[in-house]
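Content type compact mmCIF, C-alpha atoms, from the file protein.txt:
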```
# COMPACT_ATOMS: atom_id res chain seq x y z
CA MET M 26 -24.43 25.16 -11.32
CA LYS M 27 -21.92 24.97 -8.43
CA LYS M 28 -20.81 21.54 -9.64
CA ILE M 29 -20.31 22.85 -13.17
CA LEU M 30 -18.28 25.82 -11.92
CA LYS M 31 -16.20 23.52 -9.72
CA ASN M 32 -15.45 21.25 -12.70
CA ILE M 33 -14.48 24.25 -14.81
CA GLY M 34 -12.21 25.47 -12.06
CA LYS M 35 -10.61 22.04 -11.70
CA ALA M 36 -10.01 21.81 -15.45
CA ALA M 37 -8.39 25.26 -15.46
CA ILE M 38 -6.08 24.30 -12.58
CA PHE M 39 -5.00 20.89 -13.84
CA HIS M 40 -4.89 21.54 -17.58
CA CYS M 41 -3.74 25.16 -17.65
CA LEU M 42 -2.24 26.45 -14.40
CA PHE M 43 -0.22 23.39 -13.37
CA PRO M 44 1.27 22.69 -16.85
CA LEU M 45 2.20 26.37 -17.25
CA MET M 46 3.87 26.38 -13.84
CA TYR M 47 5.81 23.26 -14.71
CA LYS M 48 6.99 24.68 -18.04
CA TRP M 49 8.07 27.87 -16.29
CA TYR M 50 10.21 26.07 -13.72
CA SER M 51 11.54 23.65 -16.35
CA ARG M 52 13.38 26.51 -18.04
CA LYS M 53 16.14 25.98 -15.47
CA PRO M 54 18.58 23.09 -15.97
CA LEU M 55 17.65 19.78 -14.36
CA ARG M 56 19.74 18.93 -11.29
CA ASP M 57 21.19 15.51 -12.00
CA ASN M 58 21.74 14.56 -8.34
CA VAL M 59 18.28 15.45 -6.96
CA VAL M 60 15.97 12.68 -5.72
CA LEU M 61 12.35 13.61 -4.96
CA PHE M 62 9.85 11.42 -3.09
CA ILE M 63 6.23 12.43 -3.72
CA GLU M 64 3.82 11.10 -1.11
CA ILE M 65 0.50 11.43 -2.92
CA ARG M 66 -2.00 10.20 -0.34
CA TYR M 67 -0.57 11.14 3.02
CA ALA M 68 1.18 13.92 4.94
CA GLU M 69 4.16 11.85 6.05
CA LEU M 70 6.59 9.42 4.50
CA SER M 71 5.03 5.96 4.17
CA ASP M 72 6.72 2.59 4.54
CA ASN M 73 6.81 2.35 0.73
CA PHE M 74 9.51 5.04 0.69
CA THR M 75 11.23 4.91 4.09
CA LEU M 76 14.06 2.50 3.27
CA LEU M 77 14.67 4.01 -0.18
CA TYR M 78 14.73 7.50 1.32
CA GLU M 79 17.17 6.49 4.06
CA GLU M 80 19.45 4.65 1.61
CA PHE M 81 19.65 7.64 -0.76
CA ARG M 82 20.50 9.93 2.16
CA LYS M 83 23.42 7.65 3.09
CA ARG M 84 24.87 7.81 -0.40
CA GLU M 85 27.21 10.68 -1.23
CA GLY M 86 26.39 12.97 -4.11
CA PHE M 87 22.59 12.97 -3.79
CA THR M 88 20.22 15.68 -2.60
CA VAL M 89 17.03 14.09 -1.28
CA ASP M 90 13.74 15.99 -1.00
CA THR M 91 10.08 15.23 -0.27
CA SER M 92 6.63 16.54 -1.21
CA PHE M 93 3.44 15.58 0.62
CA LEU M 94 0.29 16.07 -1.45
CA GLY M 95 -2.06 14.45 1.05
CA ASN M 96 -4.99 13.97 -1.31
CA SER M 97 -6.68 11.60 1.16
CA VAL M 98 -6.08 13.73 4.29
CA PHE M 99 -5.93 17.38 3.13
CA SER M 100 -8.81 19.62 2.12
CA TYR M 101 -9.08 20.27 -1.62
CA ARG M 102 -7.64 23.77 -1.14
CA ASP M 103 -4.65 22.45 0.79
CA TYR M 104 -4.14 19.70 -1.78
CA ILE M 105 -3.91 22.33 -4.56
CA LYS M 106 -1.43 24.33 -2.48
CA ALA M 107 0.66 21.21 -1.90
CA CYS M 108 0.68 20.49 -5.63
CA MET M 109 1.83 24.02 -6.39
CA SER M 110 4.68 23.67 -3.88
CA MET M 111 5.66 20.33 -5.39
CA ILE M 112 5.90 21.48 -9.03
CA PRO M 113 9.19 23.48 -8.71
CA LYS M 114 10.82 20.50 -6.97
CA LEU M 115 9.55 18.11 -9.63
CA ALA M 116 10.85 20.29 -12.45
CA ALA M 117 14.37 20.20 -10.97
CA ALA M 118 14.63 16.52 -10.00
CA ARG M 119 16.39 13.76 -11.92
CA TYR M 120 14.82 10.90 -9.97
CA VAL M 121 11.18 11.08 -8.83
CA PHE M 122 9.59 8.32 -6.74
CA VAL M 123 5.81 7.82 -6.53
CA ASP M 124 3.77 4.93 -5.13
CA GLU M 125 0.30 5.84 -6.40
CA SER M 126 -1.46 7.22 -9.45
CA SER M 127 -1.81 11.01 -9.56
CA ASN M 128 -4.03 13.37 -11.53
CA VAL M 129 -1.58 16.25 -11.10
CA LEU M 130 1.53 14.38 -12.31
CA ALA M 131 -0.38 12.91 -15.24
CA ALA M 132 -1.42 16.44 -16.30
CA LEU M 133 2.17 17.72 -16.52
CA PRO M 134 4.46 17.65 -19.58
CA ILE M 135 7.27 15.85 -17.74
CA ARG M 136 10.68 16.59 -19.23
CA LYS M 137 12.38 13.60 -20.86
CA GLU M 138 15.42 13.74 -18.57
CA THR M 139 13.29 13.09 -15.49
CA ALA M 140 12.95 9.45 -14.43
CA ILE M 141 9.65 8.81 -12.64
CA ILE M 142 9.84 5.56 -10.72
CA GLN M 143 6.55 3.95 -9.72
CA THR M 144 7.02 1.69 -6.69
CA TRP M 145 3.26 1.20 -6.11
CA HIS M 146 1.77 0.86 -2.63
CA GLY M 147 0.78 -2.80 -2.85
CA CYS M 148 2.66 -5.99 -3.61
CA GLY M 149 1.47 -8.65 -6.04
CA ALA M 150 -1.85 -8.11 -7.80
CA PHE M 151 -5.17 -8.75 -6.11
CA LYS M 152 -7.95 -6.17 -6.54
CA ARG M 153 -8.40 -4.60 -9.96
CA PHE M 154 -7.03 -1.09 -10.34
CA GLY M 155 -6.30 1.56 -12.94
CA TYR M 156 -7.29 0.78 -16.51
CA GLY M 157 -8.04 -2.78 -15.45
CA GLY M 158 -10.61 -1.70 -12.88
CA VAL M 159 -14.32 -2.50 -12.81
CA GLU M 160 -15.05 1.17 -13.53
CA LYS M 161 -12.86 2.45 -16.35
CA LEU M 162 -10.85 5.58 -15.64
CA LYS M 163 -12.24 8.67 -17.33
CA GLU M 164 -9.14 10.78 -16.72
CA ARG M 165 -5.45 10.12 -17.17
CA TYR M 166 -3.92 9.19 -13.83
CA TYR M 167 -0.72 7.40 -14.88
CA ASN M 168 2.49 8.79 -16.33
CA ASP M 169 4.83 7.14 -18.78
CA TYR M 170 6.97 5.79 -15.97
CA TYR M 171 10.65 5.23 -16.46
CA ILE M 172 10.39 2.10 -14.33
CA THR M 173 7.63 0.38 -12.37
CA THR M 174 8.93 -2.02 -9.74
CA VAL M 175 6.93 -5.16 -8.88
CA SER M 176 7.25 -8.16 -6.59
CA SER M 177 7.44 -10.99 -9.16
CA PRO M 178 7.33 -11.80 -12.89
CA GLU M 179 3.79 -13.16 -12.37
CA VAL M 180 2.28 -9.68 -12.22
CA ILE M 181 4.19 -7.85 -14.99
CA ASP M 182 1.37 -8.02 -17.54
CA ILE M 183 -1.25 -6.96 -15.00
CA TYR M 184 0.66 -3.82 -14.00
CA ALA M 185 1.51 -2.95 -17.60
CA LYS M 186 -2.13 -3.14 -18.70
CA SER M 187 -3.53 -1.49 -15.57
CA MET M 188 -1.15 1.48 -15.89
CA GLY M 189 -1.04 1.66 -19.68
CA GLN M 190 2.71 0.93 -19.66
CA ASP M 191 5.21 -0.85 -21.86
CA LYS M 192 5.71 -4.16 -20.05
CA ASN M 193 9.46 -3.92 -20.68
CA ARG M 194 9.42 -1.02 -18.20
CA VAL M 195 7.75 -3.14 -15.49
CA LEU M 196 10.60 -4.80 -13.64
CA PRO M 197 10.36 -7.63 -11.08
CA ILE M 198 13.19 -6.33 -8.89
CA GLY M 199 11.39 -6.34 -5.56
CA VAL M 200 9.52 -4.05 -3.16
CA SER M 201 11.67 -1.98 -0.83
CA ARG M 202 9.50 -2.12 2.29
CA THR M 203 9.58 -5.94 2.35
CA ASP M 204 13.28 -5.94 3.30
CA VAL M 205 12.36 -5.67 7.00
CA PHE M 206 10.68 -9.10 6.89
CA PHE M 207 14.09 -10.70 6.31
CA ASP M 208 15.69 -8.91 9.27
CA LYS M 209 15.57 -11.33 12.24
CA GLU M 210 16.67 -8.69 14.75
CA TYR M 211 13.91 -6.33 13.57
CA ILE M 212 11.27 -9.05 13.83
CA SER M 213 12.42 -10.04 17.32
CA SER M 214 12.39 -6.42 18.55
CA CYS M 215 8.88 -5.90 17.15
CA GLU M 216 7.60 -8.99 18.98
CA LYS M 217 9.08 -7.80 22.28
CA GLU M 218 8.07 -4.13 21.97
CA ILE M 219 4.48 -4.74 20.82
CA ARG M 220 3.82 -7.22 23.60
CA GLU M 221 5.25 -4.80 26.17
CA ARG M 222 3.32 -1.83 24.80
CA TYR M 223 -0.05 -3.58 24.99
CA GLY M 224 0.64 -5.71 28.06
CA ILE M 225 0.34 -9.05 26.25
CA GLY M 226 1.55 -12.05 28.21
CA ASP M 227 4.13 -14.43 26.72
CA GLY M 228 1.69 -17.34 26.64
CA LYS M 229 -0.96 -15.57 24.56
CA THR M 230 -1.42 -15.96 20.81
CA VAL M 231 -1.47 -12.60 19.01
CA ILE M 232 -3.90 -12.25 16.10
CA LEU M 233 -3.53 -9.30 13.75
CA TYR M 234 -6.90 -8.22 12.36
CA ALA M 235 -6.24 -5.97 9.36
CA PRO M 236 -9.20 -5.54 6.99
CA THR M 237 -9.13 -3.24 3.99
CA PHE M 238 -11.51 -0.30 3.59
CA ARG M 239 -14.89 -0.20 1.84
CA GLY M 240 -15.97 2.38 -0.75
CA ASN M 241 -13.50 4.73 -2.46
CA VAL M 242 -10.27 5.88 -0.88
CA GLN M 243 -11.40 9.51 -0.50
CA GLU M 244 -14.44 8.44 1.58
CA ALA M 245 -13.07 5.17 2.95
CA GLN M 246 -15.23 3.34 5.47
CA SER M 247 -14.43 0.55 7.92
CA PRO M 248 -16.03 -2.84 7.24
CA GLU M 249 -18.51 -4.20 9.75
CA LEU M 250 -16.57 -4.99 12.88
CA LEU M 251 -16.14 -8.58 14.00
CA ASP M 252 -18.57 -9.64 16.71
CA ILE M 253 -16.05 -9.34 19.52
CA ARG M 254 -18.24 -11.14 22.05
CA LYS M 255 -18.51 -14.21 19.82
CA MET M 256 -14.79 -14.15 19.11
CA TYR M 257 -13.91 -13.92 22.80
CA GLU M 258 -16.33 -16.63 23.84
CA GLY M 259 -15.04 -18.90 21.08
CA LEU M 260 -11.31 -18.33 21.54
CA GLY M 261 -10.98 -17.50 25.25
CA ASN M 262 -8.18 -15.89 27.25
CA GLY M 263 -5.41 -17.53 25.27
CA TYR M 264 -5.74 -15.02 22.42
CA VAL M 265 -5.43 -11.26 21.87
CA ILE M 266 -6.60 -9.47 18.72
CA LEU M 267 -4.69 -6.37 17.55
CA TYR M 268 -6.89 -4.28 15.26
CA LYS M 269 -5.21 -2.26 12.50
CA GLY M 270 -7.62 -0.36 10.25
CA HIS M 271 -6.69 0.84 6.77
CA PRO M 272 -4.87 4.22 7.00
CA ALA M 273 -7.40 5.84 4.65
CA VAL M 274 -10.22 5.18 7.15
CA LYS M 275 -10.62 8.16 9.47
CA ALA M 276 -13.41 6.91 11.79
CA MET M 277 -12.42 3.79 13.70
CA PRO M 278 -14.99 1.51 15.36
CA ASP M 279 -15.67 1.58 19.10
CA VAL M 280 -15.09 -1.52 21.23
CA LEU M 281 -16.90 -2.34 24.46
CA LYS M 282 -14.66 -1.79 27.49
CA GLU M 283 -15.34 -5.29 28.82
CA TYR M 284 -13.36 -6.72 25.88
CA ALA M 285 -10.58 -4.11 25.89
CA HIS M 286 -8.09 -6.71 27.16
CA PHE M 287 -8.94 -9.01 24.23
CA PHE M 288 -9.54 -6.64 21.31
CA ILE M 289 -6.96 -3.84 21.20
CA ASN M 290 -7.02 -0.84 18.88
CA ALA M 291 -3.50 -0.70 17.42
CA CYS M 292 -4.28 1.71 14.57
CA ASP M 293 -1.52 4.12 15.58
CA GLU M 294 1.11 1.37 15.23
CA LYS M 295 2.94 0.67 11.98
CA ILE M 296 1.50 -2.28 10.07
CA GLU M 297 4.87 -3.94 9.41
CA ARG M 298 5.63 -3.99 13.15
CA LEU M 299 2.25 -5.57 13.90
CA MET M 300 2.81 -8.16 11.19
CA CYS M 301 6.15 -9.14 12.70
CA ALA M 302 4.74 -9.25 16.24
CA SER M 303 1.64 -11.33 15.45
CA ASP M 304 1.33 -15.11 15.34
CA MET M 305 -1.43 -15.16 12.73
CA CYS M 306 -3.55 -12.77 10.69
CA ILE M 307 -7.22 -12.22 9.90
CA THR M 308 -7.85 -10.12 6.80
CA ASP M 309 -10.31 -9.97 3.91
CA TYR M 310 -9.29 -8.51 0.54
CA SER M 311 -6.19 -6.60 1.61
CA SER M 312 -2.90 -6.72 -0.29
CA LEU M 313 -1.38 -7.34 3.13
CA VAL M 314 -1.63 -11.02 2.17
CA PHE M 315 1.49 -10.72 -0.02
CA GLU M 316 3.81 -9.30 2.64
CA TYR M 317 2.41 -11.57 5.34
CA ALA M 318 3.23 -14.61 3.20
CA LEU M 319 6.92 -13.75 3.63
CA LEU M 320 6.61 -14.48 7.36
CA ASP M 321 5.30 -18.06 6.96
CA LYS M 322 2.43 -17.49 9.40
CA PRO M 323 -1.20 -18.65 9.14
CA MET M 324 -3.78 -16.40 7.47
CA TYR M 325 -7.56 -16.48 7.77
CA PHE M 326 -9.88 -14.68 5.38
CA TYR M 327 -13.08 -13.18 6.82
CA ALA M 328 -15.17 -12.43 3.71
CA TYR M 329 -18.69 -11.82 5.05
CA ASP M 330 -19.47 -9.38 2.18
CA TYR M 331 -17.65 -11.19 -0.62
CA LYS M 332 -20.46 -10.93 -3.22
CA GLU M 333 -20.86 -7.18 -2.75
CA TYR M 334 -17.12 -6.51 -2.69
CA VAL M 335 -16.25 -8.52 -5.79
CA THR M 336 -19.00 -6.70 -7.70
CA GLU M 337 -17.67 -3.33 -6.56
CA ARG M 338 -13.91 -3.93 -7.05
CA GLY M 339 -13.29 -7.15 -8.94
CA PHE M 340 -10.21 -9.40 -8.68
CA TYR M 341 -7.50 -10.48 -11.11
CA TYR M 342 -7.69 -14.04 -9.79
CA SER M 343 -10.46 -16.23 -8.46
CA TYR M 344 -10.67 -15.32 -4.76
CA GLU M 345 -11.44 -18.87 -3.66
CA GLU M 346 -8.41 -20.30 -5.48
CA PHE M 347 -6.14 -17.33 -4.81
CA VAL M 348 -5.99 -16.80 -1.04
CA PRO M 349 -3.49 -18.97 0.91
CA GLY M 350 -5.84 -19.80 3.77
CA GLY M 351 -9.39 -20.67 4.75
CA ILE M 352 -12.30 -18.37 3.81
CA TYR M 353 -14.96 -17.70 6.45
CA TYR M 354 -18.30 -15.90 6.16
CA ASN M 355 -19.26 -15.56 9.85
CA GLU M 356 -17.59 -15.49 13.26
CA GLU M 357 -18.57 -19.06 14.16
CA GLU M 358 -16.74 -20.44 11.13
CA LEU M 359 -13.78 -18.15 11.77
CA VAL M 360 -13.41 -19.23 15.41
CA GLN M 361 -13.62 -22.87 14.40
CA GLY M 362 -10.96 -22.35 11.74
CA ILE M 363 -8.55 -20.60 14.12
CA SER M 364 -9.00 -22.97 17.03
CA GLY M 365 -9.06 -26.08 14.84
CA ASP M 366 -6.39 -24.86 12.41
CA LYS M 367 -7.93 -27.14 9.77
CA GLU M 368 -7.62 -24.79 6.81
CA VAL M 369 -4.05 -23.64 7.37
CA SER M 370 -1.48 -24.96 4.92
CA LEU M 371 2.03 -23.54 5.19
CA GLU M 372 2.85 -25.36 1.95
CA LYS M 373 0.10 -23.35 0.22
CA ILE M 374 1.56 -20.13 1.66
CA LYS M 375 5.00 -21.15 0.35
CA ARG M 376 3.63 -21.70 -3.17
CA PHE M 377 1.78 -18.39 -2.97
CA ARG M 378 4.97 -16.59 -1.89
CA GLU M 379 7.03 -18.14 -4.69
CA ARG M 380 4.42 -17.12 -7.25
CA PHE M 381 3.79 -13.53 -6.19
CA MET M 382 6.81 -12.46 -4.09
CA SER M 383 9.79 -14.15 -5.70
CA ALA M 384 11.69 -10.87 -6.26
CA CYS M 385 11.50 -9.94 -2.56
CA ASP M 386 14.53 -11.38 -0.80
CA GLY M 387 15.66 -8.75 1.70
CA ASN M 388 17.78 -6.86 -0.86
CA SER M 389 15.08 -5.02 -2.80
CA THR M 390 16.07 -1.49 -1.69
CA SER M 391 19.69 -1.68 -2.85
CA ARG M 392 18.70 -3.51 -6.05
CA ILE M 393 16.08 -0.89 -7.00
CA ILE M 394 18.47 2.01 -6.43
CA SER M 395 21.34 0.37 -8.32
CA LYS M 396 19.10 -0.53 -11.25
CA ILE M 397 17.71 3.00 -11.56
CA ILE M 398 21.07 4.77 -11.27
CA ASP M 399 22.82 2.41 -13.70
CA SER M 400 19.96 2.56 -16.18
CA CYS M 401 19.82 6.37 -16.09
CA LYS M 402 23.57 6.64 -16.59
CA GLN M 403 23.37 4.42 -19.67
CA SER M 404 20.49 6.41 -21.15
```

With the file now loaded, output its structure as structure tokens.
Amino acid sequence: MKKILKNIGKAAIFHCLFPLMYKWYSRKPLRDNVVLFIEIRYAELSDNFTLLYEEFRKREGFTVDTSFLGNSVFSYRDYIKACMSMIPKLAAARYVFVDESSNVLAALPIRKETAIIQTWHGCGAFKRFGYGGVEKLKERYYNDYYITTVSSPEVIDIYAKSMGQDKNRVLPIGVSRTDVFFDKEYISSCEKEIRERYGIGDGKTVILYAPTFRGNVQEAQSPELLDIRKMYEGLGNGYVILYKGHPAVKAMPDVLKEYAHFFINACDEKIERLMCASDMCITDYSSLVFEYALLDKPMYFYAYDYKEYVTERGFYYSYEEFVPGGIYYNEEELVQGISGDKEVSLEKIKRFRERFMSACDGNSTSRIISKIIDSCKQS
């Protein structure tokens, strides 16, 4: 009975209260210079928006605002409050940036003058999502976006089908947050600062270990942790592993103190800084693979639970043929691959980058903003 009442209450909020609020605030004229960034998952501005946000603030004539819905970090009550605070801002804004699907935005009768720009939180296309997912969506989570920006022409059809969009609105004009990977000064400063912060000697090889989460994003779990003892015994003192868990995972794994000098919890550090500071990367099914390919560094894929994961999520491409690096199913194989470097092919990474990241060239932020402003002026 409680579940039934909760569902009734949810339906009343999303299909009655929120649309009525939006219509009420939409009676006022739209403000043509207002830019709104809606952070759907988190309570702070993510790297998906940072450069775009900063660039809009530099430009004269724009008023830039933010809303943090926090649906993966707030309680349900606080999420509803955040949505209610966001609706007046949304009703007034000309340009609205999102990087995720949203049940609240999809429930609103968005006025035609408002341009909702979907920048998505992942590059390329790897794991199935949206209407292309293993489990079909029962509710509407995607708007009729004015523009969806993607990292290459290769993935246009995938995004269009997965979001239920006209593919002519899916534009391969780049991903803003990738601009930092073309900034040599930024990369150099990250290398220096990360090594200093964690006391890593100049002669040591830095491995970034960045696995994705397991389960759904609301109840995200860490994967089984690498056997640190085996990794240390196999690699020795010449290596340091920096662990960066997925931001949706709240409980991070414990590490034995005796290996604290070898396996370092770097979860409070920004992922792009760790990527720049590392010499190589261990991941599994994370979309991190696309951004990391821009750095021309070796990648190793630890896929101990591949059969279970592919059944749960599904991929757009064959995993074995897709990833630009060796695939390993236990620590012994992984250590051998890293120390022997047999599976690493920088030529394969180059082909991967050209296929999935061709629109990312260090100028994505300015190109996205110019395209949106020019297109809106014409329409």

Original post:
Which residues, written as a PyMOL selection string, have at least one atom at most 12 Å from region 280-289 of chain M, with all atoms listed in the file counted and residues fewer than 4 positions away on the same chain left out?
Top reply: chain M and resi 219-220+222-226+229-234+250-258+260-270+293-294+299

Write the residues you've just listed into a file as a PDB file, keeping the file's coordinate frame, and include C-alpha atoms for each of them.
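Written output follows (out_4.pdb):
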```
ATOM      1  CA  ILE M 219       4.480  -4.740  20.820  1.00  0.00           C
ATOM      2  CA  ARG M 220       3.820  -7.220  23.600  1.00  0.00           C
ATOM      3  CA  ARG M 222       3.320  -1.830  24.800  1.00  0.00           C
ATOM      4  CA  TYR M 223      -0.050  -3.580  24.990  1.00  0.00           C
ATOM      5  CA  GLY M 224       0.640  -5.710  28.060  1.00  0.00           C
ATOM      6  CA  ILE M 225       0.340  -9.050  26.250  1.00  0.00           C
ATOM      7  CA  GLY M 226       1.550 -12.050  28.210  1.00  0.00           C
ATOM      8  CA  LYS M 229      -0.960 -15.570  24.560  1.00  0.00           C
ATOM      9  CA  THR M 230      -1.420 -15.960  20.810  1.00  0.00           C
ATOM     10  CA  VAL M 231      -1.470 -12.600  19.010  1.00  0.00           C
ATOM     11  CA  ILE M 232      -3.900 -12.250  16.100  1.00  0.00           C
ATOM     12  CA  LEU M 233      -3.530  -9.300  13.750  1.00  0.00           C
ATOM     13  CA  TYR M 234      -6.900  -8.220  12.360  1.00  0.00           C
ATOM     14  CA  LEU M 250     -16.570  -4.990  12.880  1.00  0.00           C
ATOM     15  CA  LEU M 251     -16.140  -8.580  14.000  1.00  0.00           C
ATOM     16  CA  ASP M 252     -18.570  -9.640  16.710  1.00  0.00           C
ATOM     17  CA  ILE M 253     -16.050  -9.340  19.520  1.00  0.00           C
ATOM     18  CA  ARG M 254     -18.240 -11.140  22.050  1.00  0.00           C
ATOM     19  CA  LYS M 255     -18.510 -14.210  19.820  1.00  0.00           C
ATOM     20  CA  MET M 256     -14.790 -14.150  19.110  1.00  0.00           C
ATOM     21  CA  TYR M 257     -13.910 -13.920  22.800  1.00  0.00           C
ATOM     22  CA  GLU M 258     -16.330 -16.630  23.840  1.00  0.00           C
ATOM     23  CA  LEU M 260     -11.310 -18.330  21.540  1.00  0.00           C
ATOM     24  CA  GLY M 261     -10.980 -17.500  25.250  1.00  0.00           C
ATOM     25  CA  ASN M 262      -8.180 -15.890  27.250  1.00  0.00           C
ATOM     26  CA  GLY M 263      -5.410 -17.530  25.270  1.00  0.00           C
ATOM     27  CA  TYR M 264      -5.740 -15.020  22.420  1.00  0.00           C
ATOM     28  CA  VAL M 265      -5.430 -11.260  21.870  1.00  0.00           C
ATOM     29  CA  ILE M 266      -6.600  -9.470  18.720  1.00  0.00           C
ATOM     30  CA  LEU M 267      -4.690  -6.370  17.550  1.00  0.00           C
ATOM     31  CA  TYR M 268      -6.890  -4.280  15.260  1.00  0.00           C
ATOM     32  CA  LYS M 269      -5.210  -2.260  12.500  1.00  0.00           C
ATOM     33  CA  GLY M 270      -7.620  -0.360  10.250  1.00  0.00           C
ATOM     34  CA  ASP M 293      -1.520   4.120  15.580  1.00  0.00           C
ATOM     35  CA  GLU M 294       1.110   1.370  15.230  1.00  0.00           C
ATOM     36  CA  LEU M 299       2.250  -5.570  13.900  1.00  0.00           C
TER      37      LEU M 299
END
```

**OP:** With a distance cut-off of 10 Å and only C-alpha atoms, select the neighbouring residues of Gly86 (chain M), excluding the residue or stretch itself and same-chain residues fewer than 4 positions from it, and output the selection as a PyMOL selection string.
**Re:** chain M and resi 57-59+81-82

**OP:** Scan for residues within 8 Å of the point (10.4, -9.1, 13.9) in the coordinates of the file, using only C-alpha atoms, and reply as a list of chain:residue names.
**Re:** M:Val205, M:Phe206, M:Asp208, M:Lys209, M:Glu210, M:Tyr211, M:Ile212, M:Ser213, M:Ser214, M:Cys215, M:Glu216, M:Arg298, M:Cys301, M:Ala302

Original post:
Quick one, how far is CA of Tyr327 (chain M) from CA of Ser187 (chain M)?
Top reply: 27.0 Å

Provide an axis-aligned box for all listed atoms of region 116-127 of chain M, padding each side by 5 Å; report its centre and its edge lengths in Å to one decimal, as lines of an AutoDock Vina configuration file.
```
center_x = 7.3
center_y = 12.6
center_z = -8.8
size_x = 28.2
size_y = 25.4
size_z = 17.3
```

Subject >> Computed interatomic separation between CA of Phe154 (chain M) and CA of Thr336 (chain M) (Å) >> reply: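 It comes out at 13.5 Å.
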
Subject >> Atomic distance CA of Thr88 (chain M) - CA of Ile172 (chain M), expressed in Å with one decimal >> reply: 20.5 Å

**OP:** Can you work out which one of M:Leu359, M:Phe381, M:Ala235, M:Lys375 has the shortest atom-to-atom distance to Ser311 (chain M), counting only C-alpha atoms?
**Re:** M:Ala235

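Residue neighbourhood of Ile374 (chain M), excluding near-sequence residues (fewer than 3 positions): Ala318, Asp321, Pro349, Ser370, Leu371, Phe377 and Arg378 of chain M, at 7 Å, using all atoms listed in the file.
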
Hey, can you spit out that residue selection with C-alpha atoms as a PDB file, keeping the file's coordinate frame?
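As a result, result02.pdb now contains:
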```pdb
ATOM      1  CA  ALA M 318       3.230 -14.610   3.200  1.00  0.00           C
ATOM      2  CA  ASP M 321       5.300 -18.060   6.960  1.00  0.00           C
ATOM      3  CA  PRO M 349      -3.490 -18.970   0.910  1.00  0.00           C
ATOM      4  CA  SER M 370      -1.480 -24.960   4.920  1.00  0.00           C
ATOM      5  CA  LEU M 371       2.030 -23.540   5.190  1.00  0.00           C
ATOM      6  CA  PHE M 377       1.780 -18.390  -2.970  1.00  0.00           C
ATOM      7  CA  ARG M 378       4.970 -16.590  -1.890  1.00  0.00           C
TER       8      ARG M 378
END
```

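The smallest atom-to-atom distance between Ile63 (chain M) and any of M:Ser176, M:Ser127, M:Thr390, M:Ser343, using only C-alpha atoms, is found for M:Ser127.
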